[in-house]
>>> print(open('structure-v2.cif').read())   # mmCIF, N, CA and C atoms
data_work
#
loop_
_atom_site.label_atom_id
_atom_site.label_comp_id
_atom_site.auth_asym_id
_atom_site.auth_seq_id
_atom_site.Cartn_x
_atom_site.Cartn_y
_atom_site.Cartn_z
N MET A 1 -49.83 -92.71 35.68
CA MET A 1 -49.80 -92.02 34.39
C MET A 1 -49.27 -92.99 33.32
N ALA A 2 -50.00 -93.09 32.21
CA ALA A 2 -49.62 -94.00 31.14
C ALA A 2 -48.44 -93.45 30.36
N ALA A 3 -47.62 -94.37 29.86
CA ALA A 3 -46.53 -93.97 28.98
C ALA A 3 -47.13 -93.45 27.67
N VAL A 4 -46.38 -92.59 27.00
CA VAL A 4 -46.85 -91.98 25.75
C VAL A 4 -45.93 -92.42 24.63
N ALA A 5 -46.52 -92.89 23.53
CA ALA A 5 -45.75 -93.32 22.37
C ALA A 5 -46.22 -92.56 21.14
N VAL A 6 -45.26 -92.14 20.31
CA VAL A 6 -45.55 -91.51 19.03
C VAL A 6 -45.14 -92.51 17.96
N LEU A 7 -46.11 -92.96 17.16
CA LEU A 7 -45.86 -93.97 16.13
C LEU A 7 -45.45 -93.33 14.81
N ASP A 8 -44.41 -93.88 14.18
CA ASP A 8 -44.08 -93.41 12.84
C ASP A 8 -45.10 -93.96 11.85
N ASP A 9 -45.01 -93.57 10.60
CA ASP A 9 -46.01 -93.94 9.60
C ASP A 9 -46.13 -95.45 9.40
N ARG A 10 -45.00 -96.14 9.34
CA ARG A 10 -45.04 -97.59 9.12
C ARG A 10 -45.66 -98.30 10.32
N LEU A 11 -45.34 -97.86 11.53
CA LEU A 11 -45.91 -98.48 12.73
C LEU A 11 -47.39 -98.13 12.89
N LEU A 12 -47.79 -96.95 12.44
CA LEU A 12 -49.20 -96.59 12.44
C LEU A 12 -49.97 -97.56 11.54
N ILE A 13 -49.45 -97.83 10.37
CA ILE A 13 -50.10 -98.77 9.45
C ILE A 13 -50.20 -100.15 10.12
N GLU A 14 -49.13 -100.59 10.73
CA GLU A 14 -49.13 -101.90 11.39
C GLU A 14 -50.17 -101.95 12.52
N GLU A 15 -50.22 -100.89 13.31
CA GLU A 15 -51.20 -100.84 14.41
C GLU A 15 -52.62 -100.94 13.87
N LEU A 16 -52.90 -100.25 12.78
CA LEU A 16 -54.25 -100.25 12.23
C LEU A 16 -54.59 -101.55 11.52
N LEU A 17 -53.60 -102.18 10.89
CA LEU A 17 -53.87 -103.43 10.17
C LEU A 17 -54.00 -104.63 11.11
N VAL A 18 -53.02 -104.79 12.00
CA VAL A 18 -53.01 -106.01 12.83
C VAL A 18 -52.76 -105.74 14.30
N GLY A 19 -52.36 -104.53 14.63
CA GLY A 19 -52.06 -104.20 16.01
C GLY A 19 -50.58 -104.40 16.31
N LEU A 20 -50.08 -103.58 17.17
CA LEU A 20 -48.70 -103.68 17.65
C LEU A 20 -48.72 -104.22 19.06
N PRO A 21 -47.70 -104.96 19.44
CA PRO A 21 -47.64 -105.39 20.83
C PRO A 21 -47.29 -104.20 21.73
N HIS A 22 -48.20 -103.83 22.56
CA HIS A 22 -47.94 -102.74 23.50
C HIS A 22 -48.84 -102.90 24.70
N GLY A 23 -48.49 -102.19 25.74
CA GLY A 23 -49.25 -102.24 26.97
C GLY A 23 -50.31 -101.17 26.99
N ARG A 24 -50.17 -100.27 27.93
CA ARG A 24 -51.17 -99.22 28.11
C ARG A 24 -50.69 -97.87 27.60
N GLU A 25 -49.78 -97.87 26.66
CA GLU A 25 -49.28 -96.60 26.14
C GLU A 25 -50.41 -95.80 25.50
N GLU A 26 -50.34 -94.52 25.73
CA GLU A 26 -51.21 -93.58 25.04
C GLU A 26 -50.59 -93.38 23.66
N LEU A 27 -51.34 -93.65 22.59
CA LEU A 27 -50.78 -93.62 21.24
C LEU A 27 -51.05 -92.29 20.55
N HIS A 28 -50.02 -91.81 19.87
CA HIS A 28 -50.08 -90.58 19.08
C HIS A 28 -49.35 -90.85 17.77
N THR A 29 -49.59 -90.00 16.79
CA THR A 29 -48.78 -89.96 15.59
C THR A 29 -48.74 -88.51 15.14
N THR A 30 -47.91 -88.23 14.15
CA THR A 30 -47.82 -86.86 13.66
C THR A 30 -48.74 -86.68 12.46
N THR A 31 -49.02 -85.46 12.13
CA THR A 31 -49.86 -85.17 10.97
C THR A 31 -49.19 -85.66 9.69
N TYR A 32 -47.88 -85.43 9.56
CA TYR A 32 -47.18 -85.86 8.35
C TYR A 32 -47.09 -87.38 8.25
N TRP A 33 -46.85 -88.05 9.36
CA TRP A 33 -46.82 -89.52 9.31
C TRP A 33 -48.21 -90.07 9.00
N TYR A 34 -49.25 -89.45 9.53
CA TYR A 34 -50.62 -89.87 9.23
C TYR A 34 -50.90 -89.68 7.74
N TYR A 35 -50.51 -88.55 7.20
CA TYR A 35 -50.68 -88.29 5.78
C TYR A 35 -49.96 -89.35 4.93
N ARG A 36 -48.71 -89.64 5.25
CA ARG A 36 -47.94 -90.62 4.48
C ARG A 36 -48.58 -92.01 4.55
N ALA A 37 -49.12 -92.36 5.72
CA ALA A 37 -49.79 -93.66 5.86
C ALA A 37 -51.05 -93.70 4.99
N CYS A 38 -51.83 -92.62 5.00
CA CYS A 38 -53.04 -92.56 4.17
C CYS A 38 -52.69 -92.60 2.69
N ARG A 39 -51.66 -91.85 2.30
CA ARG A 39 -51.23 -91.84 0.90
C ARG A 39 -50.80 -93.23 0.46
N ALA A 40 -50.07 -93.94 1.31
CA ALA A 40 -49.63 -95.29 0.98
C ALA A 40 -50.83 -96.22 0.83
N ALA A 41 -51.83 -96.04 1.69
CA ALA A 41 -53.02 -96.90 1.62
C ALA A 41 -53.80 -96.65 0.35
N VAL A 42 -53.94 -95.40 -0.02
CA VAL A 42 -54.77 -95.04 -1.17
C VAL A 42 -54.04 -95.27 -2.49
N LEU A 43 -52.78 -94.86 -2.57
CA LEU A 43 -52.04 -94.95 -3.83
C LEU A 43 -51.26 -96.23 -3.98
N GLY A 44 -50.74 -96.75 -2.88
CA GLY A 44 -49.98 -97.99 -2.88
C GLY A 44 -48.97 -98.11 -4.00
N ALA A 45 -47.77 -98.47 -3.64
CA ALA A 45 -46.75 -98.70 -4.66
C ALA A 45 -45.89 -99.90 -4.28
N GLY A 46 -46.25 -100.60 -3.22
CA GLY A 46 -45.51 -101.78 -2.81
C GLY A 46 -44.27 -101.50 -2.00
N GLY A 47 -44.02 -100.25 -1.63
CA GLY A 47 -42.86 -99.92 -0.81
C GLY A 47 -43.06 -100.32 0.64
N HIS A 48 -42.16 -99.87 1.52
CA HIS A 48 -42.25 -100.30 2.90
C HIS A 48 -43.50 -99.76 3.60
N LEU A 49 -44.08 -98.68 3.08
CA LEU A 49 -45.33 -98.19 3.67
C LEU A 49 -46.55 -98.87 3.09
N SER A 50 -46.62 -99.02 1.78
CA SER A 50 -47.82 -99.60 1.18
C SER A 50 -47.75 -101.12 1.05
N GLY A 51 -46.56 -101.69 1.17
CA GLY A 51 -46.41 -103.14 1.06
C GLY A 51 -47.33 -103.94 1.96
N PRO A 52 -47.53 -103.53 3.22
CA PRO A 52 -48.40 -104.31 4.10
C PRO A 52 -49.83 -104.44 3.58
N PHE A 53 -50.31 -103.48 2.82
CA PHE A 53 -51.67 -103.56 2.29
C PHE A 53 -51.79 -104.65 1.23
N ALA A 54 -50.70 -104.91 0.53
CA ALA A 54 -50.73 -105.95 -0.50
C ALA A 54 -50.78 -107.34 0.10
N ARG A 55 -50.44 -107.47 1.38
CA ARG A 55 -50.41 -108.79 2.02
C ARG A 55 -51.74 -109.19 2.64
N VAL A 56 -52.75 -108.34 2.54
CA VAL A 56 -54.06 -108.70 3.07
C VAL A 56 -55.06 -108.76 1.93
N ASP A 57 -56.14 -109.54 2.13
CA ASP A 57 -57.11 -109.70 1.04
C ASP A 57 -57.85 -108.38 0.78
N ALA A 58 -58.59 -108.33 -0.32
CA ALA A 58 -59.23 -107.09 -0.77
C ALA A 58 -60.19 -106.51 0.27
N ASP A 59 -60.96 -107.36 0.94
CA ASP A 59 -61.89 -106.87 1.95
C ASP A 59 -61.14 -106.21 3.10
N GLN A 60 -60.05 -106.84 3.54
CA GLN A 60 -59.25 -106.26 4.61
C GLN A 60 -58.57 -104.97 4.16
N GLN A 61 -58.16 -104.92 2.90
CA GLN A 61 -57.54 -103.70 2.38
C GLN A 61 -58.51 -102.53 2.48
N ALA A 62 -59.75 -102.75 2.06
CA ALA A 62 -60.75 -101.68 2.11
C ALA A 62 -60.96 -101.22 3.55
N THR A 63 -61.05 -102.17 4.48
CA THR A 63 -61.23 -101.83 5.89
C THR A 63 -60.03 -101.05 6.41
N ALA A 64 -58.83 -101.49 6.05
CA ALA A 64 -57.61 -100.82 6.50
C ALA A 64 -57.54 -99.40 5.95
N ILE A 65 -57.90 -99.22 4.70
CA ILE A 65 -57.86 -97.89 4.09
C ILE A 65 -58.85 -96.97 4.79
N ILE A 66 -60.04 -97.46 5.04
CA ILE A 66 -61.04 -96.65 5.74
C ILE A 66 -60.56 -96.31 7.15
N SER A 67 -59.94 -97.29 7.82
CA SER A 67 -59.47 -97.03 9.19
C SER A 67 -58.37 -95.97 9.21
N LEU A 68 -57.57 -95.91 8.17
CA LEU A 68 -56.54 -94.87 8.10
C LEU A 68 -57.15 -93.51 7.81
N LEU A 69 -58.09 -93.48 6.90
CA LEU A 69 -58.70 -92.21 6.55
C LEU A 69 -59.56 -91.68 7.68
N GLU A 70 -60.08 -92.57 8.51
CA GLU A 70 -60.85 -92.19 9.70
C GLU A 70 -60.10 -92.73 10.91
N LEU A 71 -59.06 -92.04 11.28
CA LEU A 71 -58.17 -92.48 12.35
C LEU A 71 -58.95 -92.76 13.63
N ARG A 72 -58.63 -93.89 14.25
CA ARG A 72 -59.29 -94.28 15.50
C ARG A 72 -59.14 -93.18 16.55
N ASP A 73 -60.14 -93.07 17.41
CA ASP A 73 -60.12 -92.05 18.46
C ASP A 73 -59.01 -92.27 19.48
N ASP A 74 -58.51 -93.49 19.61
CA ASP A 74 -57.47 -93.75 20.61
C ASP A 74 -56.06 -93.44 20.11
N ILE A 75 -55.95 -92.93 18.89
CA ILE A 75 -54.66 -92.49 18.35
C ILE A 75 -54.77 -91.00 18.10
N SER A 76 -54.03 -90.23 18.87
CA SER A 76 -54.15 -88.77 18.82
C SER A 76 -53.24 -88.14 17.78
N LEU A 77 -53.69 -87.01 17.27
CA LEU A 77 -52.90 -86.17 16.38
C LEU A 77 -52.53 -84.88 17.12
N PRO A 78 -51.42 -84.27 16.75
CA PRO A 78 -50.97 -83.08 17.47
C PRO A 78 -51.80 -81.84 17.15
N ASP A 79 -51.79 -80.92 18.10
CA ASP A 79 -52.40 -79.62 17.90
C ASP A 79 -51.33 -78.69 17.33
N PRO A 80 -51.55 -78.16 16.13
CA PRO A 80 -50.53 -77.31 15.52
C PRO A 80 -50.21 -76.05 16.34
N ARG A 81 -51.10 -75.64 17.22
CA ARG A 81 -50.84 -74.46 18.04
C ARG A 81 -49.63 -74.66 18.95
N SER A 82 -49.39 -75.89 19.34
CA SER A 82 -48.22 -76.16 20.18
C SER A 82 -47.05 -76.72 19.37
N THR A 83 -47.35 -77.57 18.38
CA THR A 83 -46.24 -78.20 17.64
C THR A 83 -45.53 -77.24 16.69
N VAL A 84 -46.26 -76.36 16.03
CA VAL A 84 -45.62 -75.48 15.04
C VAL A 84 -44.59 -74.56 15.69
N PRO A 85 -44.89 -73.88 16.81
CA PRO A 85 -43.83 -73.07 17.42
C PRO A 85 -42.62 -73.91 17.86
N GLU A 86 -42.89 -75.11 18.36
CA GLU A 86 -41.77 -75.99 18.75
C GLU A 86 -40.97 -76.41 17.53
N MET A 87 -41.64 -76.68 16.42
CA MET A 87 -40.95 -77.02 15.18
C MET A 87 -40.06 -75.87 14.73
N ALA A 88 -40.56 -74.65 14.85
CA ALA A 88 -39.77 -73.47 14.45
C ALA A 88 -38.52 -73.34 15.32
N ARG A 89 -38.67 -73.58 16.63
CA ARG A 89 -37.50 -73.53 17.52
C ARG A 89 -36.49 -74.61 17.13
N LEU A 90 -36.98 -75.80 16.86
CA LEU A 90 -36.09 -76.90 16.47
C LEU A 90 -35.39 -76.62 15.14
N ALA A 91 -36.10 -76.00 14.21
CA ALA A 91 -35.52 -75.69 12.90
C ALA A 91 -34.32 -74.76 13.04
N GLY A 92 -34.34 -73.91 14.05
CA GLY A 92 -33.18 -73.05 14.29
C GLY A 92 -31.94 -73.83 14.66
N ARG A 93 -32.13 -74.93 15.38
CA ARG A 93 -30.99 -75.78 15.78
C ARG A 93 -30.66 -76.84 14.73
N HIS A 94 -31.65 -77.19 13.91
CA HIS A 94 -31.47 -78.25 12.90
C HIS A 94 -32.04 -77.75 11.56
N PRO A 95 -31.38 -76.78 10.93
CA PRO A 95 -31.95 -76.14 9.74
C PRO A 95 -32.12 -77.06 8.54
N ARG A 96 -31.46 -78.20 8.52
CA ARG A 96 -31.58 -79.10 7.37
C ARG A 96 -32.63 -80.19 7.58
N LEU A 97 -33.25 -80.22 8.74
CA LEU A 97 -34.24 -81.24 9.05
C LEU A 97 -35.55 -80.92 8.32
N ASN A 98 -36.16 -81.93 7.69
CA ASN A 98 -37.40 -81.70 6.96
C ASN A 98 -38.59 -81.56 7.91
N LEU A 99 -39.72 -81.10 7.37
CA LEU A 99 -40.91 -80.86 8.19
C LEU A 99 -41.40 -82.12 8.90
N MET A 100 -41.37 -83.24 8.22
CA MET A 100 -41.84 -84.49 8.82
C MET A 100 -41.04 -84.83 10.07
N ASN A 101 -39.74 -84.73 9.99
CA ASN A 101 -38.90 -85.05 11.15
C ASN A 101 -38.98 -83.96 12.23
N LEU A 102 -39.10 -82.70 11.82
CA LEU A 102 -39.27 -81.63 12.80
C LEU A 102 -40.53 -81.86 13.63
N GLU A 103 -41.61 -82.27 12.96
CA GLU A 103 -42.85 -82.51 13.68
C GLU A 103 -42.71 -83.68 14.65
N ALA A 104 -42.02 -84.73 14.23
CA ALA A 104 -41.84 -85.90 15.10
C ALA A 104 -41.04 -85.53 16.35
N VAL A 105 -39.96 -84.79 16.18
CA VAL A 105 -39.14 -84.38 17.32
C VAL A 105 -39.94 -83.45 18.23
N ALA A 106 -40.63 -82.49 17.63
CA ALA A 106 -41.43 -81.55 18.42
C ALA A 106 -42.49 -82.26 19.24
N LEU A 107 -43.22 -83.19 18.62
CA LEU A 107 -44.28 -83.91 19.33
C LEU A 107 -43.69 -84.78 20.44
N GLY A 108 -42.60 -85.47 20.14
CA GLY A 108 -41.95 -86.28 21.16
C GLY A 108 -41.55 -85.45 22.36
N HIS A 109 -41.00 -84.26 22.09
CA HIS A 109 -40.58 -83.36 23.16
C HIS A 109 -41.77 -82.84 23.95
N LEU A 110 -42.78 -82.33 23.25
CA LEU A 110 -43.94 -81.72 23.92
C LEU A 110 -44.71 -82.72 24.78
N LEU A 111 -44.76 -83.98 24.34
CA LEU A 111 -45.52 -85.00 25.07
C LEU A 111 -44.65 -85.79 26.05
N SER A 112 -43.35 -85.48 26.10
CA SER A 112 -42.42 -86.31 26.88
C SER A 112 -42.63 -87.78 26.52
N ALA A 113 -42.72 -88.02 25.23
CA ALA A 113 -43.06 -89.34 24.71
C ALA A 113 -41.81 -90.09 24.27
N THR A 114 -42.01 -91.38 24.04
CA THR A 114 -41.02 -92.19 23.35
C THR A 114 -41.49 -92.31 21.90
N VAL A 115 -40.63 -91.94 20.96
CA VAL A 115 -40.96 -92.03 19.55
C VAL A 115 -40.63 -93.45 19.10
N TRP A 116 -41.64 -94.15 18.60
CA TRP A 116 -41.46 -95.51 18.12
C TRP A 116 -41.16 -95.46 16.63
N LEU A 117 -40.01 -96.00 16.24
CA LEU A 117 -39.56 -95.98 14.86
C LEU A 117 -39.50 -97.38 14.29
N SER A 118 -39.96 -97.51 13.05
CA SER A 118 -39.76 -98.76 12.33
C SER A 118 -38.27 -98.88 11.99
N ARG A 119 -37.85 -100.05 11.60
CA ARG A 119 -36.44 -100.28 11.27
C ARG A 119 -35.97 -99.28 10.21
N GLU A 120 -36.78 -99.03 9.20
CA GLU A 120 -36.39 -98.11 8.12
C GLU A 120 -36.20 -96.69 8.66
N SER A 121 -37.10 -96.24 9.51
CA SER A 121 -36.97 -94.90 10.07
C SER A 121 -35.77 -94.78 11.00
N ALA A 122 -35.49 -95.87 11.72
CA ALA A 122 -34.37 -95.87 12.67
C ALA A 122 -33.03 -95.82 11.96
N GLU A 123 -33.01 -96.10 10.66
CA GLU A 123 -31.77 -96.08 9.90
C GLU A 123 -31.49 -94.70 9.29
N GLY A 124 -32.40 -93.76 9.49
CA GLY A 124 -32.25 -92.43 8.90
C GLY A 124 -31.62 -91.44 9.86
N ILE A 125 -31.86 -90.18 9.58
CA ILE A 125 -31.28 -89.08 10.35
C ILE A 125 -32.01 -88.82 11.68
N LEU A 126 -33.27 -89.22 11.76
CA LEU A 126 -34.10 -88.88 12.91
C LEU A 126 -33.54 -89.33 14.26
N PRO A 127 -33.04 -90.56 14.42
CA PRO A 127 -32.55 -90.96 15.74
C PRO A 127 -31.47 -90.04 16.31
N GLY A 128 -30.56 -89.58 15.47
CA GLY A 128 -29.51 -88.69 15.95
C GLY A 128 -30.06 -87.37 16.46
N VAL A 129 -31.07 -86.85 15.77
CA VAL A 129 -31.69 -85.59 16.21
C VAL A 129 -32.48 -85.82 17.49
N LEU A 130 -33.19 -86.94 17.57
CA LEU A 130 -33.92 -87.26 18.81
C LEU A 130 -32.94 -87.35 19.98
N ASP A 131 -31.82 -88.01 19.77
CA ASP A 131 -30.80 -88.10 20.83
C ASP A 131 -30.31 -86.71 21.22
N HIS A 132 -30.01 -85.90 20.22
CA HIS A 132 -29.50 -84.54 20.48
C HIS A 132 -30.51 -83.72 21.28
N GLU A 133 -31.78 -83.90 20.99
CA GLU A 133 -32.84 -83.14 21.67
C GLU A 133 -33.35 -83.85 22.94
N ARG A 134 -32.71 -84.96 23.28
CA ARG A 134 -33.07 -85.73 24.48
C ARG A 134 -34.52 -86.20 24.48
N VAL A 135 -34.95 -86.65 23.31
CA VAL A 135 -36.27 -87.26 23.16
C VAL A 135 -36.05 -88.77 23.06
N ARG A 136 -36.72 -89.50 23.93
CA ARG A 136 -36.57 -90.96 23.92
C ARG A 136 -37.13 -91.55 22.62
N TRP A 137 -36.49 -92.62 22.16
CA TRP A 137 -36.97 -93.32 20.98
C TRP A 137 -36.58 -94.78 21.10
N ARG A 138 -37.28 -95.60 20.35
CA ARG A 138 -36.94 -97.03 20.27
C ARG A 138 -37.33 -97.56 18.91
N THR A 139 -36.65 -98.60 18.51
CA THR A 139 -36.98 -99.28 17.27
C THR A 139 -37.97 -100.38 17.58
N VAL A 140 -39.04 -100.45 16.81
CA VAL A 140 -40.03 -101.51 16.95
C VAL A 140 -39.94 -102.36 15.68
N THR A 141 -39.59 -103.62 15.87
CA THR A 141 -39.43 -104.53 14.74
C THR A 141 -40.77 -105.17 14.41
N ILE A 142 -41.09 -105.18 13.13
CA ILE A 142 -42.33 -105.78 12.64
C ILE A 142 -41.95 -107.11 11.98
N GLU A 143 -42.68 -108.12 12.34
CA GLU A 143 -42.40 -109.46 11.76
C GLU A 143 -42.90 -109.54 10.34
#
>>> encode(input="structure-v2.cif", output="structure tokens")
Amino acid sequence: MAAVAVLDDRLLIEELLVGLPHGREELHTTTYWYYRACRAAVLGAGGHLSGPFARVDADQQATAIISLLELRDDISLPDPRSTVPEMARLAGRHPRLNLMNLEAVALGHLLSATVWLSRESAEGILPGVLDHERVRWRTVTIE
């Protein structure tokens, strides 16, 4: 059985632009992280999400934007029929957690996955909640 990884928005962008070093992990992301990655690709503002698009030439940018808007088949998105009830249960224990983080914790739990966080995400509130909910996570450093 392959390991399961849930990519945050920044790591999703990196995977689509240049690829992440990984083995045979089954890749997933959340709906909110996918949305944020697409928004960064389309609107771009030079932040930690859209900055990577500025470092590639215009032809590559167009390809990267299209690849985000048409997510590869090997990167799965969650089924809201299972994630939404889990998010509601989690919200009872973590009432201040936003929807984006609730979805990440719920998906990590439902898939028995390791949530892969970029350095920026690992510095936020999410790691503590993942620890509390016994969802594995790791920081993936991007060069």
>>> resolve_selection(input="structure-v2.cif", expression="the PyMOL selection byres (((chain A and resi 120-123 and name CA) around 12) and name CA)", output="number ranges by chain")
A: 7-11, 33, 47-49, 100-101, 104, 115-119, 124-131, 137-142
>>> write_last_selection(input="structure-v2.cif", atoms="N, CA and C atoms", output="PDB file, in the coordinates of the input")
ATOM      1  N   LEU A   7     -46.110 -92.960  17.160  1.00  0.00           N
ATOM      2  CA  LEU A   7     -45.860 -93.970  16.130  1.00  0.00           C
ATOM      3  C   LEU A   7     -45.450 -93.330  14.810  1.00  0.00           C
ATOM      4  N   ASP A   8     -44.410 -93.880  14.180  1.00  0.00           N
ATOM      5  CA  ASP A   8     -44.080 -93.410  12.840  1.00  0.00           C
ATOM      6  C   ASP A   8     -45.100 -93.960  11.850  1.00  0.00           C
ATOM      7  N   ASP A   9     -45.010 -93.570  10.600  1.00  0.00           N
ATOM      8  CA  ASP A   9     -46.010 -93.940   9.600  1.00  0.00           C
ATOM      9  C   ASP A   9     -46.130 -95.450   9.400  1.00  0.00           C
ATOM     10  N   ARG A  10     -45.000 -96.140   9.340  1.00  0.00           N
ATOM     11  CA  ARG A  10     -45.040 -97.590   9.120  1.00  0.00           C
ATOM     12  C   ARG A  10     -45.660 -98.300  10.320  1.00  0.00           C
ATOM     13  N   LEU A  11     -45.340 -97.860  11.530  1.00  0.00           N
ATOM     14  CA  LEU A  11     -45.910 -98.480  12.730  1.00  0.00           C
ATOM     15  C   LEU A  11     -47.390 -98.130  12.890  1.00  0.00           C
ATOM     16  N   TRP A  33     -46.850 -88.050   9.360  1.00  0.00           N
ATOM     17  CA  TRP A  33     -46.820 -89.520   9.310  1.00  0.00           C
ATOM     18  C   TRP A  33     -48.210 -90.070   9.000  1.00  0.00           C
ATOM     19  N   GLY A  47     -44.020-100.250  -1.630  1.00  0.00           N
ATOM     20  CA  GLY A  47     -42.860 -99.920  -0.810  1.00  0.00           C
ATOM     21  C   GLY A  47     -43.060-100.320   0.640  1.00  0.00           C
ATOM     22  N   HIS A  48     -42.160 -99.870   1.520  1.00  0.00           N
ATOM     23  CA  HIS A  48     -42.250-100.300   2.900  1.00  0.00           C
ATOM     24  C   HIS A  48     -43.500 -99.760   3.600  1.00  0.00           C
ATOM     25  N   LEU A  49     -44.080 -98.680   3.080  1.00  0.00           N
ATOM     26  CA  LEU A  49     -45.330 -98.190   3.670  1.00  0.00           C
ATOM     27  C   LEU A  49     -46.550 -98.870   3.090  1.00  0.00           C
ATOM     28  N   MET A 100     -41.370 -83.240   8.220  1.00  0.00           N
ATOM     29  CA  MET A 100     -41.840 -84.490   8.820  1.00  0.00           C
ATOM     30  C   MET A 100     -41.040 -84.830  10.070  1.00  0.00           C
ATOM     31  N   ASN A 101     -39.740 -84.730   9.990  1.00  0.00           N
ATOM     32  CA  ASN A 101     -38.900 -85.050  11.150  1.00  0.00           C
ATOM     33  C   ASN A 101     -38.980 -83.960  12.230  1.00  0.00           C
ATOM     34  N   ALA A 104     -42.020 -84.730  14.230  1.00  0.00           N
ATOM     35  CA  ALA A 104     -41.840 -85.900  15.100  1.00  0.00           C
ATOM     36  C   ALA A 104     -41.040 -85.530  16.350  1.00  0.00           C
ATOM     37  N   VAL A 115     -40.630 -91.940  20.960  1.00  0.00           N
ATOM     38  CA  VAL A 115     -40.960 -92.030  19.550  1.00  0.00           C
ATOM     39  C   VAL A 115     -40.630 -93.450  19.100  1.00  0.00           C
ATOM     40  N   TRP A 116     -41.640 -94.150  18.600  1.00  0.00           N
ATOM     41  CA  TRP A 116     -41.460 -95.510  18.120  1.00  0.00           C
ATOM     42  C   TRP A 116     -41.160 -95.460  16.630  1.00  0.00           C
ATOM     43  N   LEU A 117     -40.010 -96.000  16.240  1.00  0.00           N
ATOM     44  CA  LEU A 117     -39.560 -95.980  14.860  1.00  0.00           C
ATOM     45  C   LEU A 117     -39.500 -97.380  14.290  1.00  0.00           C
ATOM     46  N   SER A 118     -39.960 -97.510  13.050  1.00  0.00           N
ATOM     47  CA  SER A 118     -39.760 -98.760  12.330  1.00  0.00           C
ATOM     48  C   SER A 118     -38.270 -98.880  11.990  1.00  0.00           C
ATOM     49  N   ARG A 119     -37.850-100.050  11.600  1.00  0.00           N
ATOM     50  CA  ARG A 119     -36.440-100.280  11.270  1.00  0.00           C
ATOM     51  C   ARG A 119     -35.970 -99.280  10.210  1.00  0.00           C
ATOM     52  N   GLY A 124     -32.400 -93.760   9.490  1.00  0.00           N
ATOM     53  CA  GLY A 124     -32.250 -92.430   8.900  1.00  0.00           C
ATOM     54  C   GLY A 124     -31.620 -91.440   9.860  1.00  0.00           C
ATOM     55  N   ILE A 125     -31.860 -90.180   9.580  1.00  0.00           N
ATOM     56  CA  ILE A 125     -31.280 -89.080  10.350  1.00  0.00           C
ATOM     57  C   ILE A 125     -32.010 -88.820  11.680  1.00  0.00           C
ATOM     58  N   LEU A 126     -33.270 -89.220  11.760  1.00  0.00           N
ATOM     59  CA  LEU A 126     -34.100 -88.880  12.910  1.00  0.00           C
ATOM     60  C   LEU A 126     -33.540 -89.330  14.260  1.00  0.00           C
ATOM     61  N   PRO A 127     -33.040 -90.560  14.420  1.00  0.00           N
ATOM     62  CA  PRO A 127     -32.550 -90.960  15.740  1.00  0.00           C
ATOM     63  C   PRO A 127     -31.470 -90.040  16.310  1.00  0.00           C
ATOM     64  N   GLY A 128     -30.560 -89.580  15.470  1.00  0.00           N
ATOM     65  CA  GLY A 128     -29.510 -88.690  15.950  1.00  0.00           C
ATOM     66  C   GLY A 128     -30.060 -87.370  16.460  1.00  0.00           C
ATOM     67  N   VAL A 129     -31.070 -86.850  15.770  1.00  0.00           N
ATOM     68  CA  VAL A 129     -31.690 -85.590  16.210  1.00  0.00           C
ATOM     69  C   VAL A 129     -32.480 -85.820  17.490  1.00  0.00           C
ATOM     70  N   LEU A 130     -33.190 -86.940  17.570  1.00  0.00           N
ATOM     71  CA  LEU A 130     -33.920 -87.260  18.810  1.00  0.00           C
ATOM     72  C   LEU A 130     -32.940 -87.350  19.980  1.00  0.00           C
ATOM     73  N   ASP A 131     -31.820 -88.010  19.770  1.00  0.00           N
ATOM     74  CA  ASP A 131     -30.800 -88.100  20.830  1.00  0.00           C
ATOM     75  C   ASP A 131     -30.310 -86.710  21.220  1.00  0.00           C
ATOM     76  N   TRP A 137     -36.490 -92.620  22.160  1.00  0.00           N
ATOM     77  CA  TRP A 137     -36.970 -93.320  20.980  1.00  0.00           C
ATOM     78  C   TRP A 137     -36.580 -94.780  21.100  1.00  0.00           C
ATOM     79  N   ARG A 138     -37.280 -95.600  20.350  1.00  0.00           N
ATOM     80  CA  ARG A 138     -36.940 -97.030  20.270  1.00  0.00           C
ATOM     81  C   ARG A 138     -37.330 -97.560  18.910  1.00  0.00           C
ATOM     82  N   THR A 139     -36.650 -98.600  18.510  1.00  0.00           N
ATOM     83  CA  THR A 139     -36.980 -99.280  17.270  1.00  0.00           C
ATOM     84  C   THR A 139     -37.970-100.380  17.580  1.00  0.00           C
ATOM     85  N   VAL A 140     -39.040-100.450  16.810  1.00  0.00           N
ATOM     86  CA  VAL A 140     -40.030-101.510  16.950  1.00  0.00           C
ATOM     87  C   VAL A 140     -39.940-102.360  15.680  1.00  0.00           C
ATOM     88  N   THR A 141     -39.590-103.620  15.870  1.00  0.00           N
ATOM     89  CA  THR A 141     -39.430-104.530  14.740  1.00  0.00           C
ATOM     90  C   THR A 141     -40.770-105.170  14.410  1.00  0.00           C
ATOM     91  N   ILE A 142     -41.090-105.180  13.130  1.00  0.00           N
ATOM     92  CA  ILE A 142     -42.330-105.780  12.640  1.00  0.00           C
ATOM     93  C   ILE A 142     -41.950-107.110  11.980  1.00  0.00           C
TER      94      ILE A 142
END
>>> resolve_selection(input="structure-v2.cif", expression="the PyMOL selection byres (((chain A and resi 5 and name CA) around 8) and name CA)", output="list of chain:residue names")
A:Ala3, A:Val4, A:Val6, A:Leu7, A:Glu25, A:Glu26, A:Leu27, A:His28, A:Ala113, A:Thr114, A:Val115, A:Trp116
>>> residues_around(input="structure-v2.cif", residues="Glu86 of chain A", least_positions_apart="2", cutoff="10 Å", atoms="only C-alpha atoms", output="ChimeraX atom specification")
/A:80-84,88-91,102-103,105-107,109-110
>>> closest_residue(input="structure-v2.cif", among="A:Arg39, A:Arg96, A:Thr31, A:Ser112", to="Pro78 of chain A", atoms="only C-alpha atoms")
A:Thr31
>>> select_by_dssp(input="structure-v2.cif", residues="chain A", states="alpha helix (DSSP H)", output="number ranges by chain")
A: 9-17, 31-43, 51-54, 58-69, 80-93, 99-111, 119-122, 126-132
>>> closest_residue(input="structure-v2.cif", among="A:Ile13, A:Ala2, A:Leu77, A:Val135", to="Thr30 of chain A", atoms="only N, CA and C atoms")
A:Leu77
